[in-house]
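Okay, model35.tsv is below, TSV, C-alpha atoms:
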```tsv
chain	number	residue	atom	x	y	z
A	1	MET	CA	-17.99	-153.06	-95.36
A	2	LYS	CA	-15.89	-154.54	-92.60
A	3	TRP	CA	-14.19	-157.77	-93.51
A	4	ASN	CA	-13.25	-158.91	-90.01
A	5	THR	CA	-13.64	-162.64	-89.47
A	6	ARG	CA	-11.80	-165.12	-87.30
A	7	VAL	CA	-9.65	-165.85	-90.36
A	8	THR	CA	-8.56	-162.24	-90.84
A	9	GLU	CA	-7.80	-161.99	-87.11
A	10	LEU	CA	-5.94	-165.31	-87.04
A	11	LEU	CA	-3.79	-164.54	-90.06
A	12	ASN	CA	-3.48	-160.78	-89.50
A	13	ILE	CA	-4.82	-159.91	-92.97
A	14	LYS	CA	-7.29	-157.30	-94.27
A	15	TYR	CA	-9.44	-159.54	-96.44
A	16	PRO	CA	-10.31	-163.21	-95.80
A	17	ILE	CA	-8.62	-164.40	-98.99
A	18	VAL	CA	-5.85	-167.01	-99.04
A	19	GLN	CA	-3.72	-167.86	-102.08
A	20	GLY	CA	-3.27	-171.57	-102.69
A	21	GLY	CA	0.10	-173.33	-102.71
A	22	LEU	CA	0.30	-173.71	-106.52
A	23	ALA	CA	3.18	-176.10	-107.11
A	24	TYR	CA	6.00	-174.63	-109.25
A	25	LEU	CA	4.18	-171.27	-109.40
A	26	ALA	CA	3.72	-169.82	-105.92
A	27	TYR	CA	6.95	-167.98	-105.28
A	28	ALA	CA	7.91	-164.60	-103.85
A	29	ASP	CA	6.45	-162.32	-106.54
A	30	LEU	CA	2.97	-163.78	-106.31
A	31	ALA	CA	2.99	-164.33	-102.55
A	32	ALA	CA	4.10	-160.77	-101.81
A	33	ALA	CA	1.55	-159.31	-104.25
A	34	VAL	CA	-1.30	-161.19	-102.55
A	35	SER	CA	-0.15	-160.15	-99.09
A	36	ASN	CA	0.32	-156.53	-100.17
A	37	ALA	CA	-3.21	-156.53	-101.60
A	38	GLY	CA	-4.63	-157.58	-98.23
A	39	GLY	CA	-4.78	-161.37	-98.46
A	40	LEU	CA	-2.44	-164.15	-97.40
A	41	GLY	CA	0.15	-164.97	-100.04
A	42	GLN	CA	2.00	-168.27	-99.87
A	43	ILE	CA	5.25	-169.82	-101.09
A	44	THR	CA	5.20	-173.43	-102.29
A	45	ALA	CA	8.00	-175.04	-100.29
A	46	MET	CA	8.17	-178.52	-101.76
A	47	SER	CA	8.60	-177.25	-105.32
A	48	LEU	CA	11.93	-175.76	-104.31
A	49	GLY	CA	15.08	-177.83	-104.61
A	50	SER	CA	16.56	-177.48	-101.13
A	51	PRO	CA	16.15	-175.87	-97.72
A	52	ASP	CA	18.57	-173.14	-98.80
A	53	GLU	CA	16.36	-172.29	-101.78
A	54	LEU	CA	13.34	-172.08	-99.48
A	55	ARG	CA	15.24	-169.81	-97.08
A	56	LYS	CA	16.15	-167.46	-99.94
A	57	GLU	CA	12.56	-167.36	-101.18
A	58	ILE	CA	11.24	-166.57	-97.70
A	59	GLN	CA	13.79	-163.80	-97.31
A	60	ARG	CA	12.82	-162.40	-100.70
A	61	VAL	CA	9.16	-162.25	-99.67
A	62	LYS	CA	10.20	-160.35	-96.56
A	63	GLN	CA	11.94	-157.83	-98.80
A	64	LEU	CA	8.83	-157.40	-100.95
A	65	THR	CA	6.23	-157.10	-98.19
A	66	ASP	CA	5.93	-156.35	-94.50
A	67	LYS	CA	2.59	-158.14	-94.38
A	68	ALA	CA	1.81	-161.65	-93.17
A	69	PHE	CA	2.51	-164.52	-95.59
A	70	GLY	CA	2.55	-168.29	-95.50
A	71	VAL	CA	4.60	-171.27	-96.59
A	72	ASN	CA	2.74	-174.24	-98.05
A	73	PHE	CA	3.97	-177.80	-97.53
A	74	ALA	CA	2.47	-180.16	-100.10
A	75	ILE	CA	3.25	-183.56	-98.63
A	76	GLY	CA	2.01	-186.73	-100.20
A	77	GLN	CA	2.33	-190.42	-100.85
A	78	HIS	CA	5.37	-190.05	-103.08
A	79	GLY	CA	6.64	-186.73	-101.78
A	80	ARG	CA	10.14	-186.13	-100.55
A	81	PRO	CA	11.02	-185.65	-96.85
A	82	PHE	CA	9.79	-182.36	-95.45
A	83	VAL	CA	11.52	-182.09	-92.05
A	84	ASP	CA	14.44	-179.91	-93.17
A	85	MET	CA	12.09	-177.65	-95.13
A	86	VAL	CA	9.75	-177.16	-92.18
A	87	GLN	CA	12.75	-176.36	-90.00
A	88	VAL	CA	13.61	-173.49	-92.33
A	89	ALA	CA	10.11	-172.05	-91.88
A	90	ILE	CA	10.56	-172.30	-88.12
A	91	ASP	CA	14.01	-170.70	-88.20
A	92	GLU	CA	12.76	-167.86	-90.42
A	93	LYS	CA	9.78	-167.31	-88.11
A	94	VAL	CA	7.22	-167.39	-90.89
A	95	PRO	CA	3.79	-166.25	-89.67
A	96	VAL	CA	1.72	-169.04	-91.25
A	97	ILE	CA	2.21	-172.54	-92.64
A	98	SER	CA	-0.29	-174.67	-94.51
A	99	VAL	CA	-0.26	-178.41	-95.10
A	100	THR	CA	-1.82	-180.06	-98.14
A	101	GLY	CA	-1.82	-183.43	-99.82
A	102	GLY	CA	-1.21	-185.79	-96.91
A	103	ASN	CA	-1.36	-186.52	-93.19
A	104	PRO	CA	-0.46	-183.19	-91.51
A	105	LYS	CA	0.60	-184.67	-88.17
A	106	GLY	CA	4.35	-184.60	-88.81
A	107	VAL	CA	4.36	-180.95	-89.82
A	108	LEU	CA	1.97	-179.85	-87.09
A	109	ASP	CA	4.02	-181.63	-84.43
A	110	MET	CA	7.15	-179.79	-85.56
A	111	VAL	CA	5.61	-176.33	-85.25
A	112	LYS	CA	3.28	-176.81	-82.27
A	113	ASP	CA	5.59	-175.04	-79.83
A	114	HIS	CA	6.13	-172.07	-82.12
A	115	PRO	CA	3.90	-169.01	-82.73
A	116	ILE	CA	3.11	-170.12	-86.27
A	117	LYS	CA	-0.50	-170.28	-87.42
A	118	LYS	CA	-1.38	-173.65	-88.91
A	119	LEU	CA	-3.76	-174.25	-91.82
A	120	VAL	CA	-4.67	-177.70	-93.15
A	121	LEU	CA	-6.37	-178.47	-96.46
A	122	VAL	CA	-9.12	-181.10	-96.13
A	123	ALA	CA	-11.65	-182.63	-98.48
A	124	ALA	CA	-14.00	-184.35	-96.02
A	125	ARG	CA	-15.68	-183.70	-92.69
A	126	ARG	CA	-13.71	-186.41	-90.90
A	127	GLN	CA	-10.43	-184.98	-92.16
A	128	ALA	CA	-11.44	-181.58	-90.78
A	129	GLU	CA	-12.26	-183.07	-87.39
A	130	LYS	CA	-8.91	-184.85	-87.32
A	131	ALA	CA	-7.04	-181.68	-88.32
A	132	GLU	CA	-8.65	-179.85	-85.42
A	133	GLU	CA	-7.65	-182.65	-83.05
A	134	LEU	CA	-4.05	-182.43	-84.30
A	135	GLY	CA	-3.85	-178.72	-83.56
A	136	ALA	CA	-4.77	-176.93	-86.78
A	137	ASP	CA	-5.84	-173.32	-86.26
A	138	ALA	CA	-8.12	-173.39	-89.30
A	139	VAL	CA	-9.00	-175.74	-92.14
A	140	MET	CA	-9.30	-175.07	-95.84
A	141	VAL	CA	-12.13	-177.17	-97.26
A	142	VAL	CA	-11.83	-178.06	-100.95
A	143	GLY	CA	-14.83	-179.28	-102.91
A	144	GLN	CA	-14.83	-181.36	-106.07
A	145	GLU	CA	-14.73	-178.23	-108.25
A	146	GLY	CA	-11.19	-177.39	-107.17
A	147	GLY	CA	-8.01	-177.67	-109.20
A	148	GLY	CA	-5.10	-179.92	-108.36
A	149	HIS	CA	-5.53	-182.61	-105.74
A	150	LEU	CA	-9.02	-183.24	-104.39
A	151	GLY	CA	-10.78	-185.61	-102.06
A	152	ARG	CA	-11.75	-189.12	-103.05
A	153	GLY	CA	-15.43	-188.27	-102.89
A	154	ASP	CA	-17.50	-186.19	-105.27
A	155	VAL	CA	-18.87	-183.64	-102.82
A	156	GLY	CA	-18.94	-180.06	-104.02
A	157	THR	CA	-17.99	-176.94	-102.10
A	158	LEU	CA	-21.62	-175.85	-101.69
A	159	VAL	CA	-22.45	-178.93	-99.59
A	160	LEU	CA	-19.07	-179.72	-98.05
A	161	THR	CA	-18.43	-176.27	-96.56
A	162	PRO	CA	-21.47	-176.04	-94.24
A	163	GLN	CA	-21.09	-179.71	-93.37
A	164	VAL	CA	-17.61	-179.02	-92.05
A	165	VAL	CA	-18.63	-175.72	-90.41
A	166	ASP	CA	-21.27	-177.57	-88.41
A	167	HIS	CA	-18.85	-180.17	-87.05
A	168	ILE	CA	-15.74	-178.27	-85.94
A	169	SER	CA	-15.07	-175.21	-83.81
A	170	ILE	CA	-12.05	-173.73	-85.63
A	171	PRO	CA	-12.53	-171.38	-88.61
A	172	VAL	CA	-13.30	-172.82	-92.04
A	173	ILE	CA	-11.86	-171.45	-95.29
A	174	ALA	CA	-13.80	-172.53	-98.39
A	175	SER	CA	-11.97	-173.61	-101.54
A	176	GLY	CA	-12.99	-174.93	-104.94
A	177	GLY	CA	-14.97	-173.10	-107.61
A	178	ILE	CA	-14.27	-169.66	-106.12
A	179	GLY	CA	-12.75	-166.87	-108.18
A	180	ASP	CA	-14.72	-163.66	-107.73
A	181	GLY	CA	-16.76	-161.57	-105.32
A	182	ARG	CA	-19.83	-163.74	-105.79
A	183	GLY	CA	-17.84	-166.77	-104.72
A	184	LEU	CA	-16.54	-164.91	-101.68
A	185	MET	CA	-20.04	-163.92	-100.56
A	186	ALA	CA	-21.37	-167.41	-101.24
A	187	ALA	CA	-18.65	-168.94	-99.06
A	188	LEU	CA	-19.39	-166.54	-96.21
A	189	SER	CA	-23.10	-167.33	-96.45
A	190	LEU	CA	-22.28	-171.03	-96.05
A	191	GLY	CA	-20.56	-170.34	-92.75
A	192	ALA	CA	-16.98	-170.16	-93.97
A	193	GLU	CA	-14.91	-167.26	-92.66
A	194	GLY	CA	-12.62	-166.96	-95.64
A	195	ILE	CA	-11.78	-168.39	-99.04
A	196	GLU	CA	-8.77	-169.99	-100.69
A	197	MET	CA	-8.20	-169.51	-104.43
A	198	GLY	CA	-5.64	-171.27	-106.56
A	199	THR	CA	-6.59	-171.26	-110.23
A	200	ARG	CA	-7.69	-167.63	-110.22
A	201	PHE	CA	-4.30	-166.46	-108.98
A	202	ILE	CA	-2.51	-168.25	-111.85
A	203	ALA	CA	-4.16	-165.84	-114.29
A	204	THR	CA	-2.59	-162.75	-112.74
A	205	LYS	CA	0.34	-160.67	-113.86
A	206	GLU	CA	2.40	-161.46	-110.77
A	207	CYS	CA	2.22	-165.21	-111.34
A	208	VAL	CA	5.37	-164.79	-113.39
A	209	ASP	CA	6.32	-168.47	-113.53
A	210	ALA	CA	3.10	-169.47	-115.33
A	211	HIS	CA	3.67	-169.58	-119.09
A	212	SER	CA	1.49	-167.32	-121.22
A	213	SER	CA	0.01	-170.33	-123.02
A	214	TYR	CA	-1.14	-171.79	-119.68
A	215	LYS	CA	-2.79	-168.51	-118.77
A	216	GLN	CA	-4.40	-168.37	-122.21
A	217	ALA	CA	-5.76	-171.89	-121.76
A	218	LEU	CA	-7.46	-170.70	-118.58
A	219	LEU	CA	-8.98	-167.74	-120.43
A	220	ASP	CA	-10.23	-170.08	-123.17
A	221	ALA	CA	-11.69	-172.67	-120.77
A	222	ASP	CA	-15.38	-173.37	-120.40
A	223	GLU	CA	-17.13	-175.38	-117.70
A	224	ASN	CA	-16.20	-178.65	-119.45
A	225	ALA	CA	-12.52	-177.84	-119.94
A	226	THR	CA	-11.20	-179.84	-116.97
A	227	THR	CA	-10.98	-183.51	-116.08
A	228	VAL	CA	-10.00	-185.54	-113.04
A	229	ILE	CA	-6.92	-187.76	-113.32
A	230	LYS	CA	-5.28	-190.19	-110.88
A	231	ARG	CA	-8.54	-191.57	-109.47
A	232	SER	CA	-7.17	-195.07	-109.92
A	233	LEU	CA	-4.25	-194.21	-107.64
A	234	GLY	CA	-6.51	-192.89	-104.90
A	235	THR	CA	-5.19	-189.35	-105.37
A	236	PRO	CA	-7.68	-187.67	-107.73
A	237	ALA	CA	-6.69	-184.28	-109.12
A	238	ARG	CA	-8.31	-181.86	-111.56
A	239	ALA	CA	-6.43	-180.63	-114.64
A	240	LEU	CA	-7.12	-178.95	-117.96
A	241	LYS	CA	-8.12	-181.44	-120.65
A	242	ASN	CA	-5.54	-182.04	-123.36
A	243	GLU	CA	-3.91	-184.90	-125.22
A	244	TRP	CA	-1.66	-185.61	-122.25
A	245	THR	CA	-4.52	-186.04	-119.77
A	246	GLU	CA	-6.32	-188.25	-122.30
A	247	ARG	CA	-3.26	-190.50	-122.35
A	248	ILE	CA	-3.20	-190.57	-118.56
A	249	LEU	CA	-6.86	-191.60	-118.46
A	250	GLU	CA	-6.17	-194.33	-121.02
A	251	LEU	CA	-3.36	-195.65	-118.84
A	252	GLU	CA	-5.64	-195.58	-115.83
A	253	SER	CA	-8.06	-197.88	-117.63
A	254	THR	CA	-5.37	-200.35	-118.69
A	255	GLN	CA	-2.42	-200.07	-116.26
A	256	PRO	CA	-3.66	-198.33	-113.11
A	257	THR	CA	-0.38	-198.45	-111.19
A	258	TYR	CA	1.94	-195.70	-110.04
A	259	GLU	CA	4.92	-197.33	-111.76
A	260	ALA	CA	3.13	-197.36	-115.10
A	261	MET	CA	2.00	-193.76	-114.77
A	262	LYS	CA	4.75	-192.01	-112.81
A	263	ASP	CA	6.40	-190.31	-115.80
A	264	MET	CA	3.06	-189.11	-117.14
A	265	ILE	CA	1.96	-187.59	-113.81
A	266	SER	CA	5.36	-186.35	-112.65
A	267	GLY	CA	6.26	-182.87	-111.53
A	268	GLN	CA	8.43	-182.59	-114.62
A	269	ALA	CA	5.43	-183.26	-116.88
A	270	ASN	CA	3.52	-180.62	-114.96
A	271	LYS	CA	6.36	-178.08	-115.33
A	272	ARG	CA	6.70	-178.71	-119.08
A	273	TYR	CA	3.14	-177.48	-119.51
A	274	ILE	CA	2.76	-174.73	-116.93
A	275	ALA	CA	6.26	-173.19	-116.95
A	276	ASP	CA	7.78	-174.12	-120.31
A	277	GLY	CA	4.63	-173.87	-122.43
A	278	TYR	CA	4.80	-177.32	-124.04
A	279	ALA	CA	1.06	-177.94	-124.00
A	280	SER	CA	1.27	-181.32	-125.76
A	281	GLU	CA	4.04	-182.62	-123.51
A	282	GLY	CA	2.50	-182.24	-120.08
A	283	PHE	CA	-0.48	-181.13	-118.05
A	284	GLY	CA	-1.67	-178.14	-116.03
A	285	TRP	CA	-3.82	-178.15	-112.93
A	286	ALA	CA	-7.01	-176.10	-113.02
A	287	GLY	CA	-10.34	-175.96	-111.24
A	288	GLN	CA	-13.74	-175.63	-112.85
A	289	VAL	CA	-13.61	-171.93	-111.96
A	290	ALA	CA	-11.40	-171.54	-115.04
A	291	ALA	CA	-14.66	-171.10	-116.95
A	292	ARG	CA	-15.18	-167.84	-115.05
A	293	ILE	CA	-11.72	-166.39	-115.76
A	294	LYS	CA	-11.71	-163.84	-118.58
A	295	THR	CA	-8.93	-161.42	-117.63
A	296	ILE	CA	-5.33	-161.38	-116.43
A	297	PRO	CA	-5.24	-158.50	-113.94
A	298	THR	CA	-2.67	-157.55	-111.36
A	299	VAL	CA	-3.40	-159.08	-107.97
A	300	GLU	CA	-4.35	-155.66	-106.64
A	301	GLU	CA	-6.81	-155.17	-109.50
A	302	LEU	CA	-8.28	-158.61	-108.85
A	303	PHE	CA	-8.82	-157.80	-105.17
A	304	THR	CA	-10.40	-154.45	-106.00
A	305	THR	CA	-12.83	-156.09	-108.42
A	306	MET	CA	-13.70	-158.89	-106.00
A	307	ILE	CA	-14.29	-156.66	-103.02
A	308	THR	CA	-16.33	-154.17	-105.06
A	309	GLU	CA	-18.49	-156.99	-106.40
A	310	ALA	CA	-18.95	-158.50	-102.95
A	311	GLU	CA	-19.96	-155.17	-101.44
A	312	GLU	CA	-22.43	-154.54	-104.26
A	313	ILE	CA	-24.06	-157.90	-103.52
A	314	ARG	CA	-24.29	-157.08	-99.82
A	315	ASN	CA	-25.76	-153.65	-100.48
A	316	LYS	CA	-28.30	-155.07	-102.93
A	317	TRP	CA	-29.75	-157.38	-100.30
A	318	LEU	CA	-29.60	-154.81	-97.50
A	319	ASN	CA	-31.58	-152.40	-99.62
```
Any chance you could give the structure as structure tokens?
Amino acid sequence: MKWNTRVTELLNIKYPIVQGGLAYLAYADLAAAVSNAGGLGQITAMSLGSPDELRKEIQRVKQLTDKAFGVNFAIGQHGRPFVDMVQVAIDEKVPVISVTGGNPKGVLDMVKDHPIKKLVLVAARRQAEKAEELGADAVMVVGQEGGGHLGRGDVGTLVLTPQVVDHISIPVIASGGIGDGRGLMAALSLGAEGIEMGTRFIATKECVDAHSSYKQALLDADENATTVIKRSLGTPARALKNEWTERILELESTQPTYEAMKDMISGQANKRYIADGYASEGFGWAGQVAARIKTIPTVEELFTTMITEAEEIRNKWLN
């Protein structure tokens, strides 16, 4: 089966599969493994401490793969300045950048005169239309099933994806609730030309910065294992349920302000859970697709399984 779509052509990849930014987790080992397997691996820029650290991580990816890769810029309401970090991506001539979590205009303006492909994560049709106007080469559309930060609405991937496809001309990459070959084929049938996966890539051997207890929690998850926090702040995000997220939700009902909640929802609280393994002292992002994760393969094994499954589905309906 040929996997050529506008996304594979745009990003110069074999399969239309993009790895999500994954704060504090998406570094060179994982990014290179995804790119070597035929997808687009990404580094998470804003989890790194300085432009020099980002430069070193980019150079390390280049040592590990000769394939295309991306750098993700998670910008947001309380994020730190990104200009110096984006400049590093420009200087290092990275093939692809993606923008998530905020207004992409500043980043897109910086790279518009450079041969860098530009992806923008959106969670609504209007956001997708605006991203196209601002110069995005493709949009990644995340439905309510996704892990991490989501849109303010409750629209799922199954409805949101074709809605966006029908209203913009640039390629659409579906995200949220996708973790296997069935999800890939479903996304393509909705009009998307690729998929983005975040949670599924955490439970791989090359996601070396994810603590084993975090990966085990994904294996143990069922369809009710996640919850959405930060709705009261206007920045809803999906995480695994635990005592910490229950405390966050309690705060949201009594003191729904950033100042009251900032320590509970901080990057440090996130890292304590996902990297250090202190499950009762922090939280871990995860999408509802965690219920479908039962193994921790290498990235190459994951791709092989997904593509085999997708091709079996295609052959079933052709025959």
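Atom pair atom CA of A:Lys2 / atom CA of A:Lys67 has a distance of 18.9 Å (rounded to one decimal).
With atom CA of A:Pro104 on one side and atom CA of A:Phe82 on the other, the separation reads 11.0 Å.
Here atom CA of A:Val165 and atom CA of A:Ala123 stand 12.7 Å from one another.
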Note to self: I'd like the contact shell of A:Glu246 - 10 Å cut-off, all atoms listed in the file, skipping same-chain residues fewer than 5 positions apart - returned as a list in words.
What the structure shows: Thr227, Ile229, Lys241, Leu251 and Glu252 of chain A
Per residue of stretch 198-302 of chain A within 10 Å of stretch 26-43 of chain A, what are the shortest atom pair and its distance in Å to one decimal, counting only C-alpha atoms, with rows by chain and residue number, as a tab-separated table?
```
residue	atom	partner	partner_atom	distance
A:Gly198	CA	A:Ala26	CA	9.5
A:Phe201	CA	A:Leu30	CA	8.2
A:Ile202	CA	A:Ala26	CA	8.7
A:Thr204	CA	A:Leu30	CA	8.6
A:Lys205	CA	A:Leu30	CA	8.6
A:Glu206	CA	A:Leu30	CA	5.1
A:Cys207	CA	A:Leu30	CA	5.3
A:Val208	CA	A:Asp29	CA	7.4
A:Asp209	CA	A:Ala26	CA	8.2
A:Ala210	CA	A:Ala26	CA	9.4
A:Thr298	CA	A:Ala33	CA	8.5
A:Val299	CA	A:Val34	CA	6.2
A:Glu300	CA	A:Ala37	CA	5.2
A:Glu301	CA	A:Ala37	CA	8.8
A:Leu302	CA	A:Ala37	CA	9.1
```
Checklist line | Contacts of A:Ile178 at 12 Å (all atoms listed in the file; same-chain gap of 3+ positions) as a PyMOL selection string | finding: chain A and resi 17-20+141-147+156-158+173-175+181-188+194-201+286-293+306
Just to be explicit: take each residue in the selection above, keep C-alpha atoms, and write the result as a PDB file, in the coordinates of the input.
```
ATOM      1  CA  ILE A  17      -8.620-164.400 -98.990  1.00  0.00           C
ATOM      2  CA  VAL A  18      -5.850-167.010 -99.040  1.00  0.00           C
ATOM      3  CA  GLN A  19      -3.720-167.860-102.080  1.00  0.00           C
ATOM      4  CA  GLY A  20      -3.270-171.570-102.690  1.00  0.00           C
ATOM      5  CA  VAL A 141     -12.130-177.170 -97.260  1.00  0.00           C
ATOM      6  CA  VAL A 142     -11.830-178.060-100.950  1.00  0.00           C
ATOM      7  CA  GLY A 143     -14.830-179.280-102.910  1.00  0.00           C
ATOM      8  CA  GLN A 144     -14.830-181.360-106.070  1.00  0.00           C
ATOM      9  CA  GLU A 145     -14.730-178.230-108.250  1.00  0.00           C
ATOM     10  CA  GLY A 146     -11.190-177.390-107.170  1.00  0.00           C
ATOM     11  CA  GLY A 147      -8.010-177.670-109.200  1.00  0.00           C
ATOM     12  CA  GLY A 156     -18.940-180.060-104.020  1.00  0.00           C
ATOM     13  CA  THR A 157     -17.990-176.940-102.100  1.00  0.00           C
ATOM     14  CA  LEU A 158     -21.620-175.850-101.690  1.00  0.00           C
ATOM     15  CA  ILE A 173     -11.860-171.450 -95.290  1.00  0.00           C
ATOM     16  CA  ALA A 174     -13.800-172.530 -98.390  1.00  0.00           C
ATOM     17  CA  SER A 175     -11.970-173.610-101.540  1.00  0.00           C
ATOM     18  CA  GLY A 181     -16.760-161.570-105.320  1.00  0.00           C
ATOM     19  CA  ARG A 182     -19.830-163.740-105.790  1.00  0.00           C
ATOM     20  CA  GLY A 183     -17.840-166.770-104.720  1.00  0.00           C
ATOM     21  CA  LEU A 184     -16.540-164.910-101.680  1.00  0.00           C
ATOM     22  CA  MET A 185     -20.040-163.920-100.560  1.00  0.00           C
ATOM     23  CA  ALA A 186     -21.370-167.410-101.240  1.00  0.00           C
ATOM     24  CA  ALA A 187     -18.650-168.940 -99.060  1.00  0.00           C
ATOM     25  CA  LEU A 188     -19.390-166.540 -96.210  1.00  0.00           C
ATOM     26  CA  GLY A 194     -12.620-166.960 -95.640  1.00  0.00           C
ATOM     27  CA  ILE A 195     -11.780-168.390 -99.040  1.00  0.00           C
ATOM     28  CA  GLU A 196      -8.770-169.990-100.690  1.00  0.00           C
ATOM     29  CA  MET A 197      -8.200-169.510-104.430  1.00  0.00           C
ATOM     30  CA  GLY A 198      -5.640-171.270-106.560  1.00  0.00           C
ATOM     31  CA  THR A 199      -6.590-171.260-110.230  1.00  0.00           C
ATOM     32  CA  ARG A 200      -7.690-167.630-110.220  1.00  0.00           C
ATOM     33  CA  PHE A 201      -4.300-166.460-108.980  1.00  0.00           C
ATOM     34  CA  ALA A 286      -7.010-176.100-113.020  1.00  0.00           C
ATOM     35  CA  GLY A 287     -10.340-175.960-111.240  1.00  0.00           C
ATOM     36  CA  GLN A 288     -13.740-175.630-112.850  1.00  0.00           C
ATOM     37  CA  VAL A 289     -13.610-171.930-111.960  1.00  0.00           C
ATOM     38  CA  ALA A 290     -11.400-171.540-115.040  1.00  0.00           C
ATOM     39  CA  ALA A 291     -14.660-171.100-116.950  1.00  0.00           C
ATOM     40  CA  ARG A 292     -15.180-167.840-115.050  1.00  0.00           C
ATOM     41  CA  ILE A 293     -11.720-166.390-115.760  1.00  0.00           C
ATOM     42  CA  MET A 306     -13.700-158.890-106.000  1.00  0.00           C
TER      43      MET A 306
END
```
Give me, as a short mmCIF file (atom, residue, chain, number, x, y, z; two decimals) with C-alpha atoms, in the coordinates of the input, all polymer residues having an atom no more than 6 Å from A:His211, counting all atoms listed in the file and skipping those fewer than 5 positions away in the same chain.
```cif
data_model
loop_
_atom_site.label_atom_id
_atom_site.label_comp_id
_atom_site.auth_asym_id
_atom_site.auth_seq_id
_atom_site.Cartn_x
_atom_site.Cartn_y
_atom_site.Cartn_z
CA ILE A 274 2.76 -174.73 -116.93
CA ALA A 275 6.26 -173.19 -116.95
CA GLY A 277 4.63 -173.87 -122.43
#
```
Item checked: Best match for closeness to A:Met140 among A:Gly267, A:Gly234, A:Gly176, A:Gly76, counting only C-alpha atoms -> A:Gly176
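Closest approach to A:Gln216 from the set A:Val139, A:Ile296, A:Ile248, A:Ala269 is made by A:Ile296, with distances taken over all atoms listed in the file.
Proximity of A:Met46, A:Leu64, A:Val96, A:Met261 to A:Leu11, computed with only C-alpha atoms, is greatest for A:Val96.
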Notebook entry, point to check: Which one of A:Asn242, A:Gln268, A:Thr5, A:Thr235 sits closest to A:Pro256 if you count only C-alpha atoms?
Noted result: A:Thr235
Notebook entry, point to check: Of the residues A:Leu249, A:Ala260, A:Leu121, A:Met1, which is the one nearest to A:Ile313, using all atoms listed in the file?
Noted result: A:Met1
Next item on the list: Extract, using all atoms listed in the file, all DNA, RNA and protein residues at most 12 Å from A:Val86, discarding same-chain residues fewer than 6 positions from it, and format them as a ChimeraX atom specification.
Entry: /A:44-46,50-52,54-55,70-75,92-94,96-99,104,106-112,114,116
Write the selection just made, keeping C-alpha atoms, as a PDB file, keeping the file's coordinate frame?
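Output (out10.pdb):
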```
ATOM      1  CA  THR A  44       5.200-173.430-102.290  1.00  0.00           C
ATOM      2  CA  ALA A  45       8.000-175.040-100.290  1.00  0.00           C
ATOM      3  CA  MET A  46       8.170-178.520-101.760  1.00  0.00           C
ATOM      4  CA  SER A  50      16.560-177.480-101.130  1.00  0.00           C
ATOM      5  CA  PRO A  51      16.150-175.870 -97.720  1.00  0.00           C
ATOM      6  CA  ASP A  52      18.570-173.140 -98.800  1.00  0.00           C
ATOM      7  CA  LEU A  54      13.340-172.080 -99.480  1.00  0.00           C
ATOM      8  CA  ARG A  55      15.240-169.810 -97.080  1.00  0.00           C
ATOM      9  CA  GLY A  70       2.550-168.290 -95.500  1.00  0.00           C
ATOM     10  CA  VAL A  71       4.600-171.270 -96.590  1.00  0.00           C
ATOM     11  CA  ASN A  72       2.740-174.240 -98.050  1.00  0.00           C
ATOM     12  CA  PHE A  73       3.970-177.800 -97.530  1.00  0.00           C
ATOM     13  CA  ALA A  74       2.470-180.160-100.100  1.00  0.00           C
ATOM     14  CA  ILE A  75       3.250-183.560 -98.630  1.00  0.00           C
ATOM     15  CA  GLU A  92      12.760-167.860 -90.420  1.00  0.00           C
ATOM     16  CA  LYS A  93       9.780-167.310 -88.110  1.00  0.00           C
ATOM     17  CA  VAL A  94       7.220-167.390 -90.890  1.00  0.00           C
ATOM     18  CA  VAL A  96       1.720-169.040 -91.250  1.00  0.00           C
ATOM     19  CA  ILE A  97       2.210-172.540 -92.640  1.00  0.00           C
ATOM     20  CA  SER A  98      -0.290-174.670 -94.510  1.00  0.00           C
ATOM     21  CA  VAL A  99      -0.260-178.410 -95.100  1.00  0.00           C
ATOM     22  CA  PRO A 104      -0.460-183.190 -91.510  1.00  0.00           C
ATOM     23  CA  GLY A 106       4.350-184.600 -88.810  1.00  0.00           C
ATOM     24  CA  VAL A 107       4.360-180.950 -89.820  1.00  0.00           C
ATOM     25  CA  LEU A 108       1.970-179.850 -87.090  1.00  0.00           C
ATOM     26  CA  ASP A 109       4.020-181.630 -84.430  1.00  0.00           C
ATOM     27  CA  MET A 110       7.150-179.790 -85.560  1.00  0.00           C
ATOM     28  CA  VAL A 111       5.610-176.330 -85.250  1.00  0.00           C
ATOM     29  CA  LYS A 112       3.280-176.810 -82.270  1.00  0.00           C
ATOM     30  CA  HIS A 114       6.130-172.070 -82.120  1.00  0.00           C
ATOM     31  CA  ILE A 116       3.110-170.120 -86.270  1.00  0.00           C
TER      32      ILE A 116
END
```
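Distance annotation: of A:His149, A:Arg231, A:Lys105, A:Lys56, the residue with the minimal separation from A:Leu22 is A:His149; atom set is all atoms listed in the file.
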Enclose the full set of atoms of stretch 296-313 of chain A listed in the file within a box whose edges lie along x, y and z, apply 4 Å of padding to each of the six sides, and report centre and edge lengths in Å to one decimal as AutoDock Vina command-line options.
```
--center_x -13.4 --center_y -157.8 --center_z -108.9 --size_x 29.4 --size_y 15.2 --size_z 23.0
```
